[in-house]
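One structure is given below, encoded as structure tokens.
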There are 2 protein chains.
Amino acid sequence: MNRTRTSIVDIARAAGVSKSTVSLVLQGSPLVNDKTREKVSGLIDELGYVYNRGAANLRQARSKIVGIVVNDLTNSFFAELAVGMDLVVQSAGYVQFLAHSGESVDRQRQVIASMRENGIAGLILSPARGTEANDIKSLADSGIPVVVVVRNLPGAKVSTLLSDNYAGAKAAIRHLIGLGHRRIAFMGGFVDTAVFSDRVRGYRDALVEAGIPLNDNFIIHSAPSRAGGVAAVERMMLFAERPTAALCLNDAVAFGVCDGLRSNNIEPGKGFGIIGFDDVIEAKTAVPALTTVSVDPQGMGQRAAQLLLKQINAGQIDQESIVTSVRLVVRQSCGAPVKQPEEMA
Amino acid sequence: MNRTRTSIVDIARAAGVSKSTVSLVLQGSPLVNDKTREKVSGLIDELGYVYNRGAANLRQARSKIVGIVVNDLTNSFFAELAVGMDLVVQSAGYVQFLAHSGESVDRQRQVIASMRENGIAGLILSPARGTEANDIKSLADSGIPVVVVVRNLPGAKVSTLLSDNYAGAKAAIRHLIGLGHRRIAFMGGFVDTAVFSDRVRGYRDALVEAGIPLNDNFIIHSAPSRAGGVAAVERMMLFAERPTAALCLNDAVAFGVCDGLRSNNIEPGKGFGIIGFDDVIEAKTAVPALTTVSVDPQGMGQRAAQLLLKQINAGQIDQESIVTSVRLVVRQSCGAPVKQPEEMA
DNA sequence: CTGTTAGCGCTTTCAT
DNA sequence: ATGAAAGCGCTAACAG
């Protein structure tokens, strides 16, 4: 209940040594005599001393605090991302300012500024929609490491963790093949995006790897939307030898494919294997049992934190490096246990 | 990219004033001449000065940092709780250390210690299972306000936010009455707990309020477990005039009631209105569409944060005060939109 | 209105 | 192995 906490000098006086000695004890220095160390340590918890890390930070001009700003903690994907970060941050002896931007760039800017004033050693940002490279420029320029996750920030000179579309597509196709499918389509999207071509490449390579002949008709282009998914199914229905499963460019397309299948009296999941990339995370709750390909959020969080800590310790920040994260996770909405397609056509 | 950040003296020198003056400008003091203020402010963002809150904290022996420790951020209930706290903490100009204990008391203890060293002005704790009053005693004794939420910590002399069982029960019954039910049972539990009697009191009062005669047979005692729920239904089936709905002591009982109804060929929700108190939060995912009575997590988070800030600003901590939180929220697992019983018996 | 002075609690040479 | 002294960046009296 003391108004002024007991400090290093209090325990120094009590032990009859100088504060330097106490400081050395605190740091576990080997230069201090065992007997004094013992006495000092005794006093330390006898007097209920608590270390003032703020003072140390000031003196040393560094801190073991990292900032984490997440666009939507309410979304279980991001919550798990945060938990993954928390795990490694904590084990490394750091603490985190963890804030929720609620997809507001204003709030995000504000909170980043505040964290900076509070002396964070680094920042992990899962950007709010509409964030620009500029929003983290001054921070990064001041030499504080920044790691961006999940969403890309074009033009920002910081390390970024995005999902590995190629590997993800490959894993998804392997999954379908493992379920016994041989005729597998790729639905949705056009050729002009990097995302599309990476995913198609993964799709192709996985088929080749399994010795399944490629059939270019099975790459069914359409708008990357729910309507596009419906359209793709309609197109597919015309085929003499129809696919028994499909990988969809994203979850919106996948929803559309479900719609399309149902109006053709095919039960998605049962009659037709279907996996969607989980891009439009916000829509996740819309179709409960959809199997999706997505990054493992906790794992991604851990990697992001590790990356940040590495940069902090190196005292040097990566410029322009883009790291990609792999890992297929079959998830339903709500992170509930996996539900697989139970039969195949 | 400077190794040493520009400080208050740098800008003082540049402006040809003393650092006190700069400090005053920073604090928006009215005692400073408009012209100097202008010059100083100009230099401040010209030189890219960033305020060192740590130094200020040290000098003032206080901080605008609060600690928040949550037992499971992965659970959407607690994630939303955290978001509610974040909202008010941030608007009050504070930052938060937010950590996830993962239901580990060790981890929790560790993280609280770390936050304390980092100079938090207060702590909000959603305790890990097994937490004891002792775990926060020294913190509270040192004069740092602590607010405990969701779970009670018997013996802890701190303010605590728990749900208001009486009001919750009342709200639940009103809800069922609003759906047209008149014969409503209360299932599960025995008389010896405060929780039980509060809930039954709410149940009774709501019925009286609606002019529905009480029928003591409709209070069906049973173990507060899933098995207890099944047993309660069996008992109920013997009644000549059966209830058409029930409020269950907790969600475990409610699950049991669902089981029991199904084995009697009654469809829960459709054939029989059923609401469970949402105590066993961990079980939430087990029954997707169960209607539950629970506190609004965001609202509770906000209230907790407000309470904490009030205590921080008062410079004085509540001892032994227990605040209760109201508010019926009809939720399914995953926080998905409400699904109501669509018909009544 | 503005400058001087004296720390907050710690770490860190540099002596001893 | 331990102490003395300086100083991190800021605020708070107190003078002027």
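In the structure tokens, chains take letters A, B, ... by order of appearance, with residues numbered from 1 within each chain and ligands from 1 in the order shown.
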Please build the interface table for chain D against chain C with a cut-off of 9 Å, listing for each qualifying residue the nearest atom pair and the distance in Å to one decimal; count only C-alpha atoms (C1' of nucleotides), order rows by chain and increasing number, and write it as a tab-separated table.
```
residue	atom	partner	partner_atom	distance
D:DT2	C1'	C:DT16	C1'	8.5
D:DG3	C1'	C:DT16	C1'	8.1
D:DA4	C1'	C:DA15	C1'	8.3
D:DC14	C1'	C:DT4	C1'	8.7
D:DA15	C1'	C:DT4	C1'	7.9
D:DG16	C1'	C:DG3	C1'	8.2
```
Include C-alpha atoms (C1' of nucleotides) and write out the residues we just selected as a PDB file, in the first residue's frame.
```
ATOM      1  C1'  DT D   2      32.116  -3.486  -4.828  1.00  0.00           C
ATOM      2  C1'  DG D   3      31.359   1.626  -4.963  1.00  0.00           C
ATOM      3  C1'  DA D   4      31.024   6.401  -7.042  1.00  0.00           C
ATOM      4  C1'  DC D  14      10.645  27.439  -7.936  1.00  0.00           C
ATOM      5  C1'  DA D  15      12.755  31.509  -9.509  1.00  0.00           C
ATOM      6  C1'  DG D  16      13.014  35.076 -12.294  1.00  0.00           C
TER       7       DG D  16
END
```
Subject >> Nearby residues (only C-alpha atoms (C1' of nucleotides)) at most 10 Å from range 94-99 of chain B, same-chain spacing under 4 positions excluded, as an MDAnalysis selection string >> reply: (chainID A and resid 65:68 82:83 86:87 89:90 95:99 111 114:115 118) or (chainID B and resid 63:73 82 85:86 88:90 107:108 111:112 114:115 118 120:125 309)
Subject >> chain A residues near chain B (6 Å cut-off, only C-alpha atoms) as a list of chain:residue names >> reply: A:Met1, A:Tyr51, A:Asn52, A:Arg53, A:Gly54, A:Thr74, A:Ala79, A:Glu80, A:Gln96, A:Phe97, A:Leu98, A:Glu117, A:Asn118, A:Asp141, A:Ser142, A:Gly143, A:Cys334
**OP:** Can you check which residues of range 196-270 of chain A DSSP gives as strand (DSSP E) on the backbone and send them as a list in words?
**Re:** Ile219, Ile220, Ala245, Ala246, Leu247 and Cys248 of chain A
Output as CSV one row per residue of chain B within 12 Å of chain C: the closest atom pair and its distance in Å to one decimal place, counting only C-alpha atoms (C1' of nucleotides), sorted by chain and residue number ascending.
```
residue,atom,partner,partner_atom,distance
B:Ala12,CA,C:DG3,C1',11.6
B:Gly16,CA,C:DT2,C1',11.2
B:Val17,CA,C:DT2,C1',7.9
B:Ser18,CA,C:DG3,C1',6.3
B:Lys19,CA,C:DG3,C1',8.8
B:Ser20,CA,C:DG3,C1',7.7
B:Thr21,CA,C:DT2,C1',6.7
B:Val22,CA,C:DT2,C1',10.3
B:Ser23,CA,C:DT2,C1',11.6
B:Leu24,CA,C:DT2,C1',10.3
B:Val25,CA,C:DT2,C1',11.9
B:Ser29,CA,C:DC1,C1',11.2
B:Pro30,CA,C:DC1,C1',9.9
B:Leu31,CA,C:DC1,C1',6.3
B:Val32,CA,C:DC1,C1',5.9
B:Asn33,CA,C:DC1,C1',6.4
B:Asp34,CA,C:DC1,C1',10.2
B:Lys35,CA,C:DC1,C1',11.2
B:Thr36,CA,C:DC1,C1',9.9
B:Arg37,CA,C:DC1,C1',11.2
B:Gly54,CA,C:DC8,C1',10.9
B:Ala55,CA,C:DC8,C1',8.5
B:Ala56,CA,C:DC8,C1',8.8
B:Asn57,CA,C:DC8,C1',8.5
B:Leu58,CA,C:DC8,C1',5.2
B:Arg59,CA,C:DC8,C1',4.2
B:Gln60,CA,C:DC8,C1',7.0
B:Ala61,CA,C:DC8,C1',7.0
B:Arg62,CA,C:DC8,C1',10.4
```
**OP:** Find the residues in chain D near chain A: any atom within 12 Å counts, using only C-alpha atoms (C1' of nucleotides). Write them as a list in words.
**Re:** DA1, DT2, DG3, DA4, DA5, DA6, DG7, DC8, DG9 and DC10 of chain D
**OP:** Name the residues in contact with Ala169 in chain B at a cut-off of 7 Å, using only C-alpha atoms (C1' of nucleotides), excluding same-chain residues fewer than 4 positions from it; report them as a PyMOL selection string.
**Re:** chain B and resi 165+173+199+202-203
Original post:
Where does DSSP see helix (DSSP H, G or I) in range 135-255 of chain B, if you list the residues as a VMD selection string?
Top reply: chain B and resid 135 to 141 165 to 178 194 to 209 216 to 218 226 to 237 251 to 255
What's the 6 Å shell around range 238-255 of chain A, counting only C-alpha atoms (C1' of nucleotides), without same-chain residues fewer than 4 positions away, as a short mmCIF file (atom, residue, chain, number, x, y, z; two decimals) with C-alpha atoms, in the first residue's frame?
```cif
data_model
loop_
_atom_site.label_atom_id
_atom_site.label_comp_id
_atom_site.auth_asym_id
_atom_site.auth_seq_id
_atom_site.Cartn_x
_atom_site.Cartn_y
_atom_site.Cartn_z
CA ARG A 183 -11.35 -36.02 -62.03
CA ILE A 184 -10.83 -32.73 -60.29
CA ALA A 185 -11.71 -29.30 -61.57
CA PHE A 186 -10.36 -25.89 -60.75
CA MET A 187 -13.13 -23.33 -60.65
CA GLY A 188 -13.22 -19.59 -60.66
CA PRO A 224 -14.23 -14.98 -58.65
CA SER A 225 -17.60 -14.55 -57.00
CA ARG A 226 -20.53 -16.54 -55.80
CA GLY A 229 -19.29 -20.38 -58.88
CA PHE A 272 -19.12 -33.83 -54.99
CA GLY A 273 -15.88 -32.99 -53.27
CA ILE A 274 -15.30 -29.30 -52.91
CA ILE A 275 -12.62 -27.19 -51.37
CA GLY A 276 -12.37 -23.44 -51.41
CA PHE A 277 -9.48 -21.17 -50.64
CA ASP A 278 -10.40 -19.21 -47.59
CA ASP A 279 -9.83 -15.69 -48.81
CA ALA A 345 -19.51 -39.73 -56.89
#
```
Subject >> Spatial neighbours of Arg151 in chain A, 9 Å, only C-alpha atoms (C1' of nucleotides), chain gap at least 2 places, as a list in words >> reply: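 Answer for this query is Ser126, Pro127, Ala128, Arg129, Val148, Val149, Leu153, Thr160, Leu161 and Leu162 of chain A.
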Subject >> CA of Ala172 in chain B to CA of Ala223 in chain B, distance in Å rounded to a single decimal >> reply: 20.8 Å
